[in-house]
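Asks: This is start_8.pdb, which holds PDB, C-alpha atoms:
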```
ATOM      1  CA  MET A 134       0.389   4.068  -8.574
ATOM      2  CA  ALA A 135      -2.079   5.283  -5.961
ATOM      3  CA  GLY A 136      -5.553   4.047  -5.272
ATOM      4  CA  ILE A 137      -8.331   4.305  -2.720
ATOM      5  CA  LEU A 138      -9.194   0.986  -1.157
ATOM      6  CA  VAL A 139     -12.135  -0.143   0.960
ATOM      7  CA  GLY A 140     -12.376   1.425   4.405
ATOM      8  CA  LYS A 141     -10.886   4.806   3.530
ATOM      9  CA  VAL A 142      -7.346   3.514   2.912
ATOM     10  CA  VAL A 143      -5.057   5.062   0.305
ATOM     11  CA  GLU A 144      -2.329   2.809  -1.068
ATOM     12  CA  GLN A 145       0.644   3.555  -3.285
ATOM     13  CA  GLU A 146       2.797   0.891  -4.946
ATOM     14  CA  TYR A 147       6.455   1.176  -5.886
ATOM     15  CA  LEU A 148       8.615  -1.265  -7.823
ATOM     16  CA  TRP A 149      10.971  -3.144  -5.478
ATOM     17  CA  SER A 150      13.870  -5.530  -6.031
ATOM     18  CA  CYS A 151      16.881  -6.986  -4.259
ATOM     19  CA  THR A 152      19.774  -9.144  -5.399
ATOM     20  CA  LEU A 153      21.309 -11.833  -3.205
ATOM     21  CA  THR A 154      24.772 -13.154  -4.092
ATOM     22  CA  GLY A 155      27.644 -15.093  -2.521
ATOM     23  CA  SER A 156      29.154 -11.809  -1.323
ATOM     24  CA  ASN A 157      25.821 -10.182  -0.333
ATOM     25  CA  LYS A 158      23.810 -12.978   1.313
ATOM     26  CA  GLU A 159      21.335 -10.898   3.357
ATOM     27  CA  TYR A 160      18.804  -8.158   2.711
ATOM     28  CA  ASN A 161      16.915  -6.380   5.508
ATOM     29  CA  TRP A 162      13.511  -4.985   4.575
ATOM     30  CA  ALA A 163      12.648  -2.490   7.300
ATOM     31  CA  PRO A 164      11.055   0.620   5.792
ATOM     32  CA  GLU A 165      10.726   3.675   7.973
ATOM     33  CA  ASP A 166       8.823   6.656   6.643
ATOM     34  CA  PRO A 167       9.080   9.665   8.933
ATOM     35  CA  THR A 168       6.785  11.710   6.666
ATOM     36  CA  PRO A 169       3.255  11.877   8.103
ATOM     37  CA  TRP A 170       0.279  11.978   5.717
ATOM     38  CA  CYS A 171      -2.244  14.814   5.833
ATOM     39  CA  MET A 172      -5.698  13.244   5.629
ATOM     40  CA  VAL A 173      -7.346  16.635   5.105
ATOM     41  CA  HIS A 174      -5.273  17.533   2.034
ATOM     42  CA  GLN A 175      -4.592  13.908   0.996
ATOM     43  CA  ARG A 176      -0.818  14.335   0.572
ATOM     44  CA  PRO A 177       2.402  14.064   2.599
ATOM     45  CA  VAL A 178       2.856  16.844   5.154
ATOM     46  CA  LYS A 179       5.497  19.306   4.008
ATOM     47  CA  ALA A 180       8.400  20.191   6.319
ATOM     48  CA  ASN A 181       7.169  23.762   6.947
ATOM     49  CA  GLU A 182       3.602  22.670   7.755
ATOM     50  CA  GLY A 183       4.383  21.682  11.327
ATOM     51  CA  ASP A 184       4.006  25.236  12.626
ATOM     52  CA  GLU A 185       1.517  25.700  15.463
ATOM     53  CA  ASN A 186       0.084  28.807  13.780
ATOM     54  CA  ASP A 187      -0.935  26.864  10.666
ATOM     55  CA  ASP A 188      -4.711  26.335  10.943
ATOM     56  CA  GLU A 189      -4.838  24.018   7.904
ATOM     57  CA  ASN A 190      -2.593  21.488   9.632
ATOM     58  CA  ASP A 191      -4.404  20.963  12.925
ATOM     59  CA  ASP A 192      -6.057  17.648  12.173
ATOM     60  CA  GLY A 193      -5.672  14.466  10.211
ATOM     61  CA  ASN A 194      -1.968  13.590  10.009
ATOM     62  CA  VAL A 195      -1.201   9.847   9.934
ATOM     63  CA  LYS A 196       1.984   7.828   9.460
ATOM     64  CA  PRO A 197       2.022   5.316   6.630
ATOM     65  CA  GLY A 198       2.165   1.534   6.904
ATOM     66  CA  HIS A 199       4.278  -0.695   4.660
ATOM     67  CA  ARG A 200       3.894  -4.108   3.037
ATOM     68  CA  LEU A 201       6.182  -5.963   0.686
ATOM     69  CA  LEU A 202       4.699  -8.125  -2.041
ATOM     70  CA  ILE A 203       7.363 -10.422  -3.522
ATOM     71  CA  LYS A 204       6.067 -11.552  -6.903
ATOM     72  CA  SER A 205       8.925 -13.306  -8.645
ATOM     73  CA  ALA A 206      12.441 -14.705  -8.287
ATOM     74  CA  ILE A 207      14.977 -14.738 -11.126
ATOM     75  CA  LEU A 208      18.050 -16.977 -10.897
ATOM     76  CA  MET A 209      20.582 -15.271 -13.141
ATOM     77  CA  PRO A 210      22.237 -17.308 -15.941
ATOM     78  CA  SER A 211      25.617 -16.756 -14.270
ATOM     79  CA  ALA A 212      24.555 -19.090 -11.409
ATOM     80  CA  LYS A 213      26.574 -22.313 -11.227
ATOM     81  CA  LYS A 214      25.008 -25.166 -13.183
ATOM     82  CA  ASP A 215      23.218 -27.748 -10.990
ATOM     83  CA  GLU A 216      23.783 -25.663  -7.810
ATOM     84  CA  VAL A 217      20.602 -25.305  -5.753
ATOM     85  CA  THR A 218      19.981 -21.764  -4.514
ATOM     86  CA  ILE A 219      17.606 -21.401  -1.541
ATOM     87  CA  VAL A 220      16.220 -18.121  -0.197
ATOM     88  CA  GLN A 221      14.900 -17.934   3.363
ATOM     89  CA  ILE A 222      12.788 -15.282   5.083
ATOM     90  CA  GLU A 223      12.861 -14.329   8.754
ATOM     91  CA  SER A 224       9.896 -12.263   9.874
ATOM     92  CA  GLU A 225       7.224 -11.912  12.517
ATOM     93  CA  GLY A 226       4.014 -13.914  12.304
ATOM     94  CA  TYR A 227       0.799 -14.088  14.270
ATOM     95  CA  ASN A 228       1.108 -13.187  17.973
ATOM     96  CA  LYS A 229       4.609 -11.826  17.298
ATOM     97  CA  LYS A 230       5.922 -15.367  16.773
ATOM     98  CA  ALA A 231       9.150 -15.625  14.751
ATOM     99  CA  VAL A 232       8.725 -17.199  11.321
ATOM    100  CA  ILE A 233      11.868 -18.556   9.653
ATOM    101  CA  VAL A 234      11.115 -20.449   6.466
ATOM    102  CA  PRO A 235      12.544 -21.073   2.982
ATOM    103  CA  ILE A 236      10.509 -19.307   0.295
ATOM    104  CA  CYS A 237      12.322 -20.211  -2.910
ATOM    105  CA  ALA A 238      14.549 -23.033  -4.213
ATOM    106  CA  MET A 239      15.976 -22.935  -7.728
ATOM    107  CA  LYS A 240      18.543 -25.042  -9.582
ATOM    108  CA  GLY A 241      21.211 -23.356 -11.696
ATOM    109  CA  GLY A 242      21.022 -24.146 -15.409
ATOM    110  CA  SER A 243      17.406 -25.345 -15.292
ATOM    111  CA  ASP A 244      15.335 -22.888 -13.197
ATOM    112  CA  TYR A 245      15.465 -19.276 -14.284
ATOM    113  CA  GLN A 246      12.237 -17.742 -12.986
ATOM    114  CA  GLN A 247       9.830 -18.684 -10.223
ATOM    115  CA  TYR A 248       6.468 -17.043  -9.480
ATOM    116  CA  MET A 249       6.111 -16.403  -5.734
ATOM    117  CA  ASP A 250       3.278 -14.019  -4.707
ATOM    118  CA  LEU A 251       4.354 -13.642  -1.065
ATOM    119  CA  LEU A 252       2.950 -10.794   1.055
ATOM    120  CA  VAL A 253       5.268  -9.623   3.844
ATOM    121  CA  PRO A 254       3.339  -7.331   6.223
ATOM    122  CA  THR A 255       6.170  -6.662   8.704
ATOM    123  CA  LYS A 256       9.928  -6.114   8.733
ATOM    124  CA  ALA A 257      11.841  -9.057   7.322
ATOM    125  CA  LYS A 258      15.296 -10.414   6.595
ATOM    126  CA  LEU A 259      15.850 -12.270   3.325
ATOM    127  CA  LYS A 260      18.842 -14.632   3.309
ATOM    128  CA  LEU A 261      20.629 -16.741   0.768
ATOM    129  CA  LEU A 262      20.506 -19.982   2.752
ATOM    130  CA  GLN A 263      22.275 -22.141   0.176
ATOM    131  CA  GLY A 264      24.058 -21.461  -3.102
ATOM    132  CA  GLU A 265      25.855 -18.432  -4.452
ATOM    133  CA  GLY A 266      23.179 -16.945  -6.721
ATOM    134  CA  PRO A 267      22.916 -14.348  -7.985
ATOM    135  CA  ILE A 268      19.157 -14.378  -7.464
ATOM    136  CA  VAL A 269      16.954 -11.324  -7.942
ATOM    137  CA  LEU A 270      13.672 -10.941  -6.056
ATOM    138  CA  ILE A 271      11.124  -8.594  -7.643
ATOM    139  CA  GLY A 272       7.879  -7.189  -6.295
ATOM    140  CA  SER A 273       5.997  -4.179  -4.982
ATOM    141  CA  HIS A 274       6.623  -2.022  -1.937
ATOM    142  CA  CYS A 275       3.105  -0.991  -0.889
ATOM    143  CA  VAL A 276       2.674   2.125   1.253
ATOM    144  CA  TYR A 277      -0.782   2.596   2.740
ATOM    145  CA  TYR A 278      -2.450   5.327   4.765
ATOM    146  CA  SER A 279      -5.369   4.273   6.996
ATOM    147  CA  GLY A 280      -8.096   6.665   8.088
ATOM    148  CA  PHE A 281      -8.162   8.476   4.758
ATOM    149  CA  ARG A 282     -10.879  11.127   4.622
ATOM    150  CA  ASP A 283     -12.214  11.843   1.138
ATOM    151  CA  VAL A 284     -12.845  15.598   1.301
ATOM    152  CA  GLU A 285     -14.169  15.776  -2.280
ATOM    153  CA  ALA A 286     -16.676  12.992  -1.614
ATOM    154  CA  VAL A 287     -17.973  14.791   1.491
ATOM    155  CA  GLU A 288     -18.429  18.000  -0.518
ATOM    156  CA  SER A 289     -20.098  16.033  -3.333
ATOM    157  CA  GLU A 290     -22.524  14.404  -0.857
ATOM    158  CA  ASP A 291     -23.467  17.848   0.492
ATOM    159  CA  GLU A 292     -24.174  19.060  -3.064
ATOM    160  CA  ASP A 293     -26.225  15.919  -3.815
ATOM    161  CA  GLU A 294     -28.329  16.447  -0.671
ATOM    162  CA  ALA A 295     -28.992  20.050  -1.650
ATOM    163  CA  THR A 296     -30.046  18.959  -5.176
ATOM    164  CA  ASP A 297     -32.303  16.222  -3.753
ATOM    165  CA  ASN A 298     -34.025  18.756  -1.488
ATOM    166  CA  ASP A 299     -34.610  21.096  -4.468
ATOM    167  CA  ASP A 300     -36.097  18.206  -6.504
ATOM    168  CA  GLU A 301     -38.423  17.239  -3.642
ATOM    169  CA  MET A 302     -39.694  20.828  -3.367
ATOM    170  CA  ASP A 303     -40.361  20.948  -7.148
ATOM    171  CA  VAL A 304     -42.350  17.686  -6.989
ATOM    172  CA  ALA A 305     -44.330  18.937  -3.990
ATOM    173  CA  GLU A 306     -45.273  22.131  -5.836
ATOM    174  CA  GLU A 307     -46.341  20.109  -8.921
ATOM    175  CA  VAL A 308     -48.580  17.830  -6.841
ATOM    176  CA  LYS A 309     -50.110  20.803  -5.059
ATOM    177  CA  GLY A 310     -50.799  22.521  -8.380
ATOM    178  CA  LYS A 311     -52.480  19.401  -9.903
ATOM    179  CA  GLY A 312     -54.557  18.846  -6.791
ATOM    180  CA  ASP A 313     -56.062  22.325  -7.065
ATOM    181  CA  GLU A 314     -57.214  21.682 -10.684
ATOM    182  CA  GLY A 315     -59.617  18.894  -9.717
ATOM    183  CA  LEU A 316     -61.590  21.072  -7.240
ATOM    184  CA  ASP A 317     -63.219  23.364  -9.861
TER     185      ASP A 317
END
```
Render the structure in this file as structure tokens.

Replies:
Amino acid sequence: MAGILVGKVVEQEYLWSCTLTGSNKEYNWAPEDPTPWCMVHQRPVKANEGDENDDENDDGNVKPGHRLLIKSAILMPSAKKDEVTIVQIESEGYNKKAVIVPICAMKGGSDYQQYMDLLVPTKAKLKLLQGEGPIVLIGSHCVYYSGFRDVEAVESEDEDEATDNDDEMDVAEEVKGKGDEGLD
């Protein structure tokens, strides 16, 4: 899904999930997207577009930003009954201060799904702090491009201005024509 947000930002969302178990207790979320975005053409820059002779490519390339939105946690039915499973996140907070905090605690046999709604704006490590799981985290990987330039909207505004000027000239001619009638 792609959408244009306030402030000329384009955002795309992708389904995301990870499973933490007794044998796989950590998950590192550190997306790197080497593909720059062409703001002029509103699409990723193709590999052959980096040529210096390409006049279409000379302005408007930006690298994307990433956010993770964790929406839900599912403790699988195979989790041990009465065992508490705790998931912890390690990330960077305000002023680059480390944030290490539990985000989810579920009890096997009684808790199967938990709504979370946690936005992770920077790289993060998710850890199974206690329990064996398996626990599945589900959410959206959001990729956004700041500085988006809406070429179609600029062209549309130019057309609207030209139409407005034509309308103003028509009204001026009508007024002039009616004003001449009253003088006879």

Asks: Within 8 Å of region 156-166 of chain A, which residues of region 216-281 of chain A show up? Give each one with its shortest atom-to-atom distance in Å (one decimal) and the two atoms involved, counting only C-alpha atoms, rows by chain then rising residue number, as JSON lines.

Replies:
```
{"residue": "A:Thr255", "atom": "CA", "partner": "A:Ala163", "partner_atom": "CA", "distance": 7.8}
{"residue": "A:Lys256", "atom": "CA", "partner": "A:Ala163", "partner_atom": "CA", "distance": 4.8}
{"residue": "A:Ala257", "atom": "CA", "partner": "A:Trp162", "partner_atom": "CA", "distance": 5.2}
{"residue": "A:Lys258", "atom": "CA", "partner": "A:Asn161", "partner_atom": "CA", "distance": 4.5}
{"residue": "A:Leu259", "atom": "CA", "partner": "A:Tyr160", "partner_atom": "CA", "distance": 5.1}
{"residue": "A:Lys260", "atom": "CA", "partner": "A:Glu159", "partner_atom": "CA", "distance": 4.5}
{"residue": "A:Leu261", "atom": "CA", "partner": "A:Lys158", "partner_atom": "CA", "distance": 5.0}
{"residue": "A:Leu262", "atom": "CA", "partner": "A:Lys158", "partner_atom": "CA", "distance": 7.9}
```

Asks: What's around Val253 (chain A) at 7 Å? Count all atoms listed in the file, leave out sequence neighbours fewer than 5 positions away in its own chain, and write the answer as a PyMOL selection string.

Replies: chain A and resi 200-202

Asks: Could you list, as a PyMOL selection string, every residue matched by the PyMOL selection byres ((chain A and resi 148) around 12) in this structure?

Replies: chain A and resi 134+145-147+149-151+201-204+270-276

Asks: Would you compute the distance between CA of Ala238 (chain A) and CA of Pro267 (chain A)? Give it in Å to one decimal.

Replies: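 These atoms are spaced 12.6 Å apart.
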
Asks: Kindly indicate which residue among A:Gln246, A:Leu252, A:Tyr277, A:Glu144 lies nearest to Ser205 (chain A), using all atoms listed in the file for the distances.

Replies: A:Gln246

Asks: Just to confirm, what's the straight-line distance from CA of Lys240 (chain A) to CA of Gln221 (chain A) in Å (one decimal)?

Replies: 15.2 Å

Asks: Could you check which of A:Val217, A:Met239, A:Ile233, A:Val143 is closest to Ser279 (chain A), using all atoms listed in the file?

Replies: A:Val143

Asks: What is the CA of Lys213 (chain A)-CA of Gly266 (chain A) distance in Å, reported with one decimal?

Replies: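 Computing it gives 7.8 Å between the two atoms.
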
Asks: Can you give me, as a ChimeraX atom specification, the residues this file yields under the PyMOL selection byres ((chain A and resi 268) around 7)?

Replies: /A:152-154,206-209,266-267,269-270

Asks: From the options A:His199, A:Ile219, A:Gly264, A:Lys214, which residue's atoms come nearest to Gln247 (chain A), counting all atoms listed in the file?

Replies: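 Checking each candidate against Gln247 (chain A), we get A:Ile219 as the closest.
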
Asks: Using only C-alpha atoms, which of the listed residues (A:Gln263, A:Ser211, A:Pro197, A:Pro254) sits closest to Ser224 (chain A)?

Replies: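 Closest residue, counting only C-alpha atoms: A:Pro254.
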